[in-house]
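Asks: mmCIF, C-alpha atoms, pLDDT in the B column; chains and numbers go by the auth columns, file protein-v7.cif:
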data_my_file
loop_
_atom_site.group_PDB
_atom_site.id
_atom_site.type_symbol
_atom_site.label_atom_id
_atom_site.label_comp_id
_atom_site.label_asym_id
_atom_site.label_seq_id
_atom_site.Cartn_x
_atom_site.Cartn_y
_atom_site.Cartn_z
_atom_site.B_iso_or_equiv
_atom_site.auth_seq_id
_atom_site.auth_asym_id
ATOM 1 C CA MET A 1 0.000 0.000 0.000 47.00 28 A
ATOM 2 C CA SER A 2 1.137 3.561 -0.658 59.00 29 A
ATOM 3 C CA ARG A 3 2.911 5.073 2.343 80.00 30 A
ATOM 4 C CA VAL A 4 1.741 8.552 1.406 82.00 31 A
ATOM 5 C CA GLY A 5 -1.775 7.480 0.451 84.00 32 A
ATOM 6 C CA LYS A 6 -2.607 5.602 3.638 87.00 33 A
ATOM 7 C CA SER A 7 -1.651 8.393 6.082 90.00 34 A
ATOM 8 C CA PRO A 8 -4.722 10.365 7.228 91.00 35 A
ATOM 9 C CA ILE A 9 -5.076 14.150 6.890 92.00 36 A
ATOM 10 C CA THR A 10 -6.084 16.102 10.003 92.00 37 A
ATOM 11 C CA VAL A 11 -8.386 18.987 9.093 92.00 38 A
ATOM 12 C CA PRO A 12 -7.759 22.000 11.400 92.00 39 A
ATOM 13 C CA GLN A 13 -10.488 24.091 13.069 91.00 40 A
ATOM 14 C CA GLY A 14 -12.082 26.669 10.768 89.00 41 A
ATOM 15 C CA VAL A 15 -11.701 24.584 7.596 91.00 42 A
ATOM 16 C CA GLU A 16 -14.900 23.285 5.981 91.00 43 A
ATOM 17 C CA VAL A 17 -14.708 20.291 3.626 91.00 44 A
ATOM 18 C CA ALA A 18 -17.527 19.465 1.206 91.00 45 A
ATOM 19 C CA ILE A 19 -17.369 16.249 -0.833 90.00 46 A
ATOM 20 C CA GLY A 20 -19.555 16.519 -3.935 87.00 47 A
ATOM 21 C CA GLU A 21 -20.486 13.972 -6.540 86.00 48 A
ATOM 22 C CA LYS A 22 -17.787 12.548 -8.828 87.00 49 A
ATOM 23 C CA ASN A 23 -15.148 13.393 -6.158 87.00 50 A
ATOM 24 C CA ALA A 24 -15.429 17.182 -6.457 92.00 51 A
ATOM 25 C CA ILE A 25 -13.910 18.499 -3.218 92.00 52 A
ATOM 26 C CA THR A 26 -14.461 22.076 -1.993 93.00 53 A
ATOM 27 C CA MET A 27 -12.552 23.480 0.969 92.00 54 A
ATOM 28 C CA LYS A 28 -13.173 26.805 2.694 93.00 55 A
ATOM 29 C CA GLY A 29 -10.861 28.325 5.257 92.00 56 A
ATOM 30 C CA PRO A 30 -9.467 31.614 6.547 93.00 57 A
ATOM 31 C CA LYS A 31 -7.080 31.988 3.555 90.00 58 A
ATOM 32 C CA GLY A 32 -9.621 31.306 0.809 89.00 59 A
ATOM 33 C CA GLU A 33 -11.616 28.654 -1.014 92.00 60 A
ATOM 34 C CA LEU A 34 -10.354 25.850 -3.277 92.00 61 A
ATOM 35 C CA THR A 35 -12.247 23.375 -5.482 93.00 62 A
ATOM 36 C CA ARG A 36 -10.736 20.395 -7.255 92.00 63 A
ATOM 37 C CA ASN A 37 -11.986 17.282 -9.044 93.00 64 A
ATOM 38 C CA PHE A 38 -10.240 14.013 -8.209 91.00 65 A
ATOM 39 C CA HIS A 39 -10.170 10.629 -9.972 90.00 66 A
ATOM 40 C CA VAL A 40 -13.645 9.070 -9.839 90.00 67 A
ATOM 41 C CA ASP A 41 -12.384 5.665 -8.603 90.00 68 A
ATOM 42 C CA MET A 42 -10.677 7.045 -5.472 90.00 69 A
ATOM 43 C CA ILE A 43 -12.715 6.746 -2.261 91.00 70 A
ATOM 44 C CA ILE A 44 -12.471 9.930 -0.168 91.00 71 A
ATOM 45 C CA LYS A 45 -14.001 9.768 3.323 90.00 72 A
ATOM 46 C CA MET A 46 -14.430 12.446 5.988 89.00 73 A
ATOM 47 C CA GLU A 47 -14.756 11.106 9.552 89.00 74 A
ATOM 48 C CA GLU A 48 -14.933 13.813 12.237 88.00 75 A
ATOM 49 C CA ASN A 49 -11.844 15.991 11.481 89.00 76 A
ATOM 50 C CA ILE A 50 -9.897 13.359 9.531 92.00 77 A
ATOM 51 C CA LEU A 51 -9.779 12.905 5.738 91.00 78 A
ATOM 52 C CA LYS A 52 -8.876 9.448 4.406 91.00 79 A
ATOM 53 C CA VAL A 53 -8.195 8.296 0.855 91.00 80 A
ATOM 54 C CA GLU A 54 -8.711 4.659 -0.146 91.00 81 A
ATOM 55 C CA ARG A 55 -8.312 2.865 -3.456 90.00 82 A
ATOM 56 C CA PRO A 56 -10.690 0.241 -4.826 91.00 83 A
ATOM 57 C CA SER A 57 -8.012 -2.202 -6.091 91.00 84 A
ATOM 58 C CA ASP A 58 -4.262 -2.761 -6.287 89.00 85 A
ATOM 59 C CA SER A 59 -4.023 -2.019 -10.008 90.00 86 A
ATOM 60 C CA LYS A 60 -1.116 0.120 -11.167 90.00 87 A
ATOM 61 C CA GLU A 61 -3.402 3.035 -12.064 90.00 88 A
ATOM 62 C CA HIS A 62 -5.165 3.017 -8.682 90.00 89 A
ATOM 63 C CA LYS A 63 -1.848 2.790 -6.836 89.00 90 A
ATOM 64 C CA SER A 64 -0.509 5.828 -8.682 89.00 91 A
ATOM 65 C CA PHE A 65 -3.634 7.927 -8.015 91.00 92 A
ATOM 66 C CA HIS A 66 -3.777 6.921 -4.331 91.00 93 A
ATOM 67 C CA GLY A 67 -0.729 8.867 -3.127 90.00 94 A
ATOM 68 C CA LEU A 68 -1.348 11.720 -5.580 92.00 95 A
ATOM 69 C CA THR A 69 -4.909 12.270 -4.357 92.00 96 A
ATOM 70 C CA ARG A 70 -3.807 12.316 -0.719 92.00 97 A
ATOM 71 C CA ALA A 71 -0.939 14.770 -1.426 93.00 98 A
ATOM 72 C CA LEU A 72 -3.214 17.138 -3.374 94.00 99 A
ATOM 73 C CA LEU A 73 -5.848 17.027 -0.599 93.00 100 A
ATOM 74 C CA ASN A 74 -3.169 17.796 1.993 94.00 101 A
ATOM 75 C CA ASN A 75 -1.977 20.780 -0.083 94.00 102 A
ATOM 76 C CA MET A 76 -5.569 22.043 -0.230 93.00 103 A
ATOM 77 C CA VAL A 77 -5.928 21.791 3.571 94.00 104 A
ATOM 78 C CA ILE A 78 -2.620 23.623 4.165 94.00 105 A
ATOM 79 C CA GLY A 79 -3.502 26.216 1.514 93.00 106 A
ATOM 80 C CA VAL A 80 -6.879 27.256 2.948 94.00 107 A
ATOM 81 C CA SER A 81 -5.623 27.220 6.553 93.00 108 A
ATOM 82 C CA GLU A 82 -2.063 28.654 6.354 93.00 109 A
ATOM 83 C CA GLY A 83 -1.391 29.514 2.693 93.00 110 A
ATOM 84 C CA PHE A 84 1.791 29.112 0.649 95.00 111 A
ATOM 85 C CA LYS A 85 4.612 31.586 0.018 96.00 112 A
ATOM 86 C CA LYS A 86 7.419 31.773 -2.556 96.00 113 A
ATOM 87 C CA GLU A 87 10.162 34.377 -2.739 96.00 114 A
ATOM 88 C CA LEU A 88 12.147 35.277 -5.856 95.00 115 A
ATOM 89 C CA GLU A 89 15.373 37.285 -5.873 95.00 116 A
ATOM 90 C CA LEU A 90 16.643 39.434 -8.767 94.00 117 A
ATOM 91 C CA VAL A 91 20.450 39.155 -8.974 93.00 118 A
ATOM 92 C CA GLY A 92 22.205 41.560 -11.324 91.00 119 A
ATOM 93 C CA VAL A 93 23.277 45.177 -11.715 91.00 120 A
ATOM 94 C CA GLY A 94 20.284 47.354 -12.589 90.00 121 A
ATOM 95 C CA TYR A 95 17.716 44.581 -12.042 93.00 122 A
ATOM 96 C CA ARG A 96 14.606 46.103 -10.433 94.00 123 A
ATOM 97 C CA ALA A 97 11.037 45.034 -9.639 94.00 124 A
ATOM 98 C CA SER A 98 7.931 47.004 -8.736 94.00 125 A
ATOM 99 C CA ASN A 99 4.239 46.223 -8.683 93.00 126 A
ATOM 100 C CA SER A 100 1.065 48.216 -9.055 93.00 127 A
ATOM 101 C CA GLY A 101 -1.928 46.060 -8.212 91.00 128 A
ATOM 102 C CA GLN A 102 -1.575 42.751 -10.050 93.00 129 A
ATOM 103 C CA LYS A 103 0.981 44.019 -12.604 95.00 130 A
ATOM 104 C CA LEU A 104 4.624 43.189 -11.928 94.00 131 A
ATOM 105 C CA GLU A 105 7.118 45.387 -13.776 95.00 132 A
ATOM 106 C CA MET A 106 10.740 44.214 -13.915 94.00 133 A
ATOM 107 C CA ALA A 107 13.946 45.620 -15.390 94.00 134 A
ATOM 108 C CA LEU A 108 15.940 42.501 -16.313 92.00 135 A
ATOM 109 C CA GLY A 109 18.652 43.855 -18.587 91.00 136 A
ATOM 110 C CA PHE A 110 16.558 43.846 -21.756 92.00 137 A
ATOM 111 C CA SER A 111 16.026 46.965 -23.900 94.00 138 A
ATOM 112 C CA HIS A 112 12.545 47.295 -22.349 95.00 139 A
ATOM 113 C CA ASN A 113 10.905 46.586 -18.995 94.00 140 A
ATOM 114 C CA VAL A 114 9.032 43.294 -18.693 94.00 141 A
ATOM 115 C CA VAL A 115 5.410 43.644 -17.490 95.00 142 A
ATOM 116 C CA PHE A 116 3.869 40.455 -16.102 93.00 143 A
ATOM 117 C CA GLU A 117 0.168 40.110 -15.197 95.00 144 A
ATOM 118 C CA ILE A 118 -0.321 38.132 -11.954 95.00 145 A
ATOM 119 C CA PRO A 119 -3.575 36.088 -11.484 94.00 146 A
ATOM 120 C CA LEU A 120 -6.041 37.467 -8.904 94.00 147 A
ATOM 121 C CA GLU A 121 -5.640 34.391 -6.637 92.00 148 A
ATOM 122 C CA VAL A 122 -1.954 35.255 -6.072 94.00 149 A
ATOM 123 C CA LYS A 123 -0.956 38.196 -3.872 95.00 150 A
ATOM 124 C CA ILE A 124 2.272 39.981 -4.818 95.00 151 A
ATOM 125 C CA GLU A 125 4.658 42.180 -2.858 95.00 152 A
ATOM 126 C CA THR A 126 7.986 43.650 -3.972 94.00 153 A
ATOM 127 C CA LYS A 127 10.761 44.844 -1.681 94.00 154 A
ATOM 128 C CA SER A 128 13.786 46.877 -2.771 91.00 155 A
ATOM 129 C CA GLU A 129 16.360 48.034 -0.215 89.00 156 A
ATOM 130 C CA LYS A 130 19.571 49.851 -0.949 90.00 157 A
ATOM 131 C CA GLY A 131 22.509 47.438 -1.186 89.00 158 A
ATOM 132 C CA GLN A 132 20.206 44.390 -1.330 92.00 159 A
ATOM 133 C CA ASN A 133 18.827 42.437 -4.286 93.00 160 A
ATOM 134 C CA PRO A 134 15.127 43.125 -5.038 94.00 161 A
ATOM 135 C CA ILE A 135 12.780 40.460 -3.597 95.00 162 A
ATOM 136 C CA ILE A 136 9.413 39.443 -5.088 95.00 163 A
ATOM 137 C CA THR A 137 7.107 37.704 -2.570 96.00 164 A
ATOM 138 C CA LEU A 138 4.176 35.668 -3.900 96.00 165 A
ATOM 139 C CA THR A 139 1.488 34.245 -1.574 96.00 166 A
ATOM 140 C CA SER A 140 -1.563 32.131 -2.400 95.00 167 A
ATOM 141 C CA SER A 141 -3.765 29.355 -1.076 93.00 168 A
ATOM 142 C CA ASP A 142 -3.355 27.373 -4.339 93.00 169 A
ATOM 143 C CA ASN A 143 0.099 25.741 -4.300 94.00 170 A
ATOM 144 C CA GLN A 144 -0.079 24.576 -7.935 94.00 171 A
ATOM 145 C CA LEU A 145 -0.964 28.028 -9.298 95.00 172 A
ATOM 146 C CA LEU A 146 1.649 29.691 -7.080 95.00 173 A
ATOM 147 C CA GLY A 147 4.391 27.360 -8.353 95.00 174 A
ATOM 148 C CA ALA A 148 3.366 27.930 -11.978 96.00 175 A
ATOM 149 C CA VAL A 149 3.438 31.742 -11.594 96.00 176 A
ATOM 150 C CA ALA A 150 6.809 31.658 -9.789 96.00 177 A
ATOM 151 C CA ALA A 151 8.289 29.362 -12.464 96.00 178 A
ATOM 152 C CA LYS A 152 7.017 31.645 -15.241 96.00 179 A
ATOM 153 C CA ILE A 153 8.610 34.719 -13.596 95.00 180 A
ATOM 154 C CA ARG A 154 11.891 32.797 -13.149 95.00 181 A
ATOM 155 C CA SER A 155 11.825 31.721 -16.818 95.00 182 A
ATOM 156 C CA LEU A 156 11.890 35.377 -17.950 94.00 183 A
ATOM 157 C CA ARG A 157 15.615 35.506 -17.029 94.00 184 A
ATOM 158 C CA LYS A 158 16.995 32.227 -15.667 94.00 185 A
ATOM 159 C CA PRO A 159 20.181 32.485 -13.568 93.00 186 A
ATOM 160 C CA GLU A 160 23.271 31.959 -15.709 92.00 187 A
ATOM 161 C CA PRO A 161 26.048 29.670 -14.396 92.00 188 A
ATOM 162 C CA TYR A 162 29.037 32.065 -14.626 91.00 189 A
ATOM 163 C CA LYS A 163 28.027 35.104 -12.575 90.00 190 A
ATOM 164 C CA GLY A 164 24.676 33.896 -11.231 89.00 191 A
ATOM 165 C CA LYS A 165 22.745 36.827 -12.737 93.00 192 A
ATOM 166 C CA GLY A 166 19.017 36.384 -13.254 94.00 193 A
ATOM 167 C CA VAL A 167 15.814 35.604 -11.339 94.00 194 A
ATOM 168 C CA LYS A 168 16.215 32.848 -8.743 94.00 195 A
ATOM 169 C CA PHE A 169 14.314 31.485 -5.771 95.00 196 A
ATOM 170 C CA VAL A 170 15.528 32.701 -2.371 93.00 197 A
ATOM 171 C CA GLY A 171 17.810 29.998 -0.973 90.00 198 A
ATOM 172 C CA GLU A 172 18.253 28.247 -4.343 88.00 199 A
ATOM 173 C CA GLN A 173 21.714 26.749 -4.845 90.00 200 A
ATOM 174 C CA LEU A 174 23.041 27.390 -8.352 88.00 201 A
ATOM 175 C CA ARG A 175 25.597 25.241 -10.156 90.00 202 A
ATOM 176 C CA ARG A 176 28.411 27.622 -10.945 90.00 203 A
ATOM 177 C CA LYS A 177 31.019 27.196 -13.688 90.00 204 A
ATOM 178 C CA ALA A 178 34.565 28.523 -13.825 88.00 205 A
ATOM 179 C CA GLY A 179 35.125 31.160 -16.506 84.00 206 A
ATOM 180 C CA LYS A 180 37.929 31.296 -19.041 84.00 207 A
ATOM 181 C CA THR A 181 41.490 31.556 -17.714 81.00 208 A
ATOM 182 C CA ALA A 182 44.066 33.815 -19.331 69.00 209 A
ATOM 183 C CA ALA A 183 46.560 32.077 -21.652 64.00 210 A
ATOM 184 C CA ALA A 184 50.073 31.916 -20.186 62.00 211 A
ATOM 185 C CA ASN A 185 52.835 33.037 -22.595 60.00 212 A
#
Starting from the coordinates I provided, produce the structure as structure tokens.
Replies:
Amino acid sequence: MSRVGKSPITVPQGVEVAIGEKNAITMKGPKGELTRNFHVDMIIKMEENILKVERPSDSKEHKSFHGLTRALLNNMVIGVSEGFKKELELVGVGYRASNSGQKLEMALGFSHNVVFEIPLEVKIETKSEKGQNPIITLTSSDNQLLGAVAAKIRSLRKPEPYKGKGVKFVGEQLRRKAGKTAAAN
């Protein structure tokens, strides 16, 4: 049996779980509301404050959906109760970031500023201090959407391996390469 799939999920106080037909799950909490459809064969049960996921058989397909369903449900519970947060750092001379509402404007060394529209479900905050790299903070209750938005922003200028310039996650370890060495005569 799946080690991830068989562990129960404890639903905290203040989080409402509604199980609809065809495994449509809706969760409401202090940080927002999430709805997701799961595989029809998975058996999702709510007993008191504990969510459990069971599979109907030991077929390969059911085994693969068992752990996935449980992990996605757990992310929904964490999202509506605590929320998720990702931080991006702009490394490079002249790299800047500012936001007005849901529009993120970045100077990334191109001939023009890059304007990126952030979805309404994701909250954005930019911080620029003198002597520090600009930080973009993204928060949301939907972990999947948050990761997709952060990855898209990072893809606008990926960190290069020689100087490390570009958009990177805070705390991300980059593989660095040695540059050219001068020829000895």
Asks: For the atom pair atom CA of A:Val120 and atom CA of A:Phe137, what is the interatomic distance in Å to one decimal place?
Replies: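 Atom CA of A:Val120 sits 12.2 Å away from atom CA of A:Phe137.
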Asks: Ranking A:Val197, A:Leu131, A:Ile162, A:Val38 by minimum distance to A:Ile77 and counting only C-alpha atoms, which one comes first?
Replies: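 Closest to A:Ile77 of all the choices is A:Val38.
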Asks: Could you tell me, as a ChimeraX atom specification, exactly which residues end up selected when the PyMOL selection byres ((chain A and resi 35) around 7) is applied to this structure?
Replies: /A:33-34,36-37,77-79
Asks: Would you work out the distance separating atom CA of A:Gly158 from atom CA of A:Thr208, expressed in Å to one decimal?
Replies: 29.8 Å
Asks: Once the PyMOL selection byres ((chain A and resi 61-75) around 8) has been applied to the shown file, what residues remain in the selection, as an NGL selection string?
Replies: :A and (49-55 or 59-60 or 76-83 or 89 or 92-93 or 96 or 103 or 107 or 168-169)
Asks: Tell me which protein, DNA and RNA residues are within 7 Å of stretch 152-157 of chain A, counting only C-alpha atoms, leaving out same-chain ones fewer than 4 positions away, and put them as a ChimeraX atom specification.
Replies: /A:124-126,161-165
Asks: Between A:Gly136, A:Gly56, A:Gly47, A:Gly198, which one has atoms that come closest to A:Gly110, using only C-alpha atoms?
Replies: A:Gly56
Asks: Just to confirm, what's the straight-line distance from atom CA of A:Phe143 to atom CA of A:Pro186 in Å (one decimal)?
Replies: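 Rounded to one decimal, the two atoms are 18.3 Å apart.
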Asks: What would the selection look like, as a PyMOL selection string, if the PyMOL selection byres ((chain A and resi 121) around 8) were run on the coordinates I just shared?
Replies: chain A and resi 119-120+122-123+134-136
Asks: Please check which residues have atoms at most 7 Å from (10.7, 31.8, -2.5) in the file's coordinates, counting only C-alpha atoms, and write them as a ChimeraX atom specification.
Replies: /A:112-115,164,196-197
Asks: Using all atoms listed in the file, list the residues that have an atom at most 8 Å from (0.9, 39.7, -4.4), coordinates as in the file, as a PyMOL selection string.
Replies: chain A and resi 128-129+145+149-152+164-166
Asks: Those same residues - C-alpha atoms - I'd like them written as a short mmCIF file (atom, residue, chain, number, x, y, z; two decimals), keeping the file's coordinate frame.
Replies:
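Result file out.cif:
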data_model
loop_
_atom_site.label_atom_id
_atom_site.label_comp_id
_atom_site.auth_asym_id
_atom_site.auth_seq_id
_atom_site.Cartn_x
_atom_site.Cartn_y
_atom_site.Cartn_z
CA GLY A 128 -1.93 46.06 -8.21
CA GLN A 129 -1.58 42.75 -10.05
CA ILE A 145 -0.32 38.13 -11.95
CA VAL A 149 -1.95 35.26 -6.07
CA LYS A 150 -0.96 38.20 -3.87
CA ILE A 151 2.27 39.98 -4.82
CA GLU A 152 4.66 42.18 -2.86
CA THR A 164 7.11 37.70 -2.57
CA LEU A 165 4.18 35.67 -3.90
CA THR A 166 1.49 34.24 -1.57
#
Asks: Show which residues sit within 7 Å of stretch 170-173 of chain A, as a PDB file with C-alpha atoms, keeping the file's coordinate frame. Count all atoms listed in the file, and ignore same-chain residues fewer than 4 positions away.
Replies:
ATOM      1  CA  ASN A 102      -1.977  20.780  -0.083  1.00 94.00           C
ATOM      2  CA  GLY A 106      -3.502  26.216   1.514  1.00 93.00           C
ATOM      3  CA  PHE A 111       1.791  29.112   0.649  1.00 95.00           C
ATOM      4  CA  VAL A 149      -1.954  35.255  -6.072  1.00 94.00           C
ATOM      5  CA  ALA A 177       6.809  31.658  -9.789  1.00 96.00           C
TER       6      ALA A 177
END
Asks: Between A:Ile180, A:Val104, A:Lys58, A:Pro188, single out the one closest to A:Glu148, counting all atoms listed in the file.
Replies: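 For A:Glu148, the nearest of the candidates is A:Lys58.
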Asks: Between A:Ile105, A:Val31, A:Ala45, A:Ala98, which one has atoms that come closest to A:Pro57, using all atoms listed in the file?
Replies: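 For A:Pro57, the nearest of the candidates is A:Ile105.
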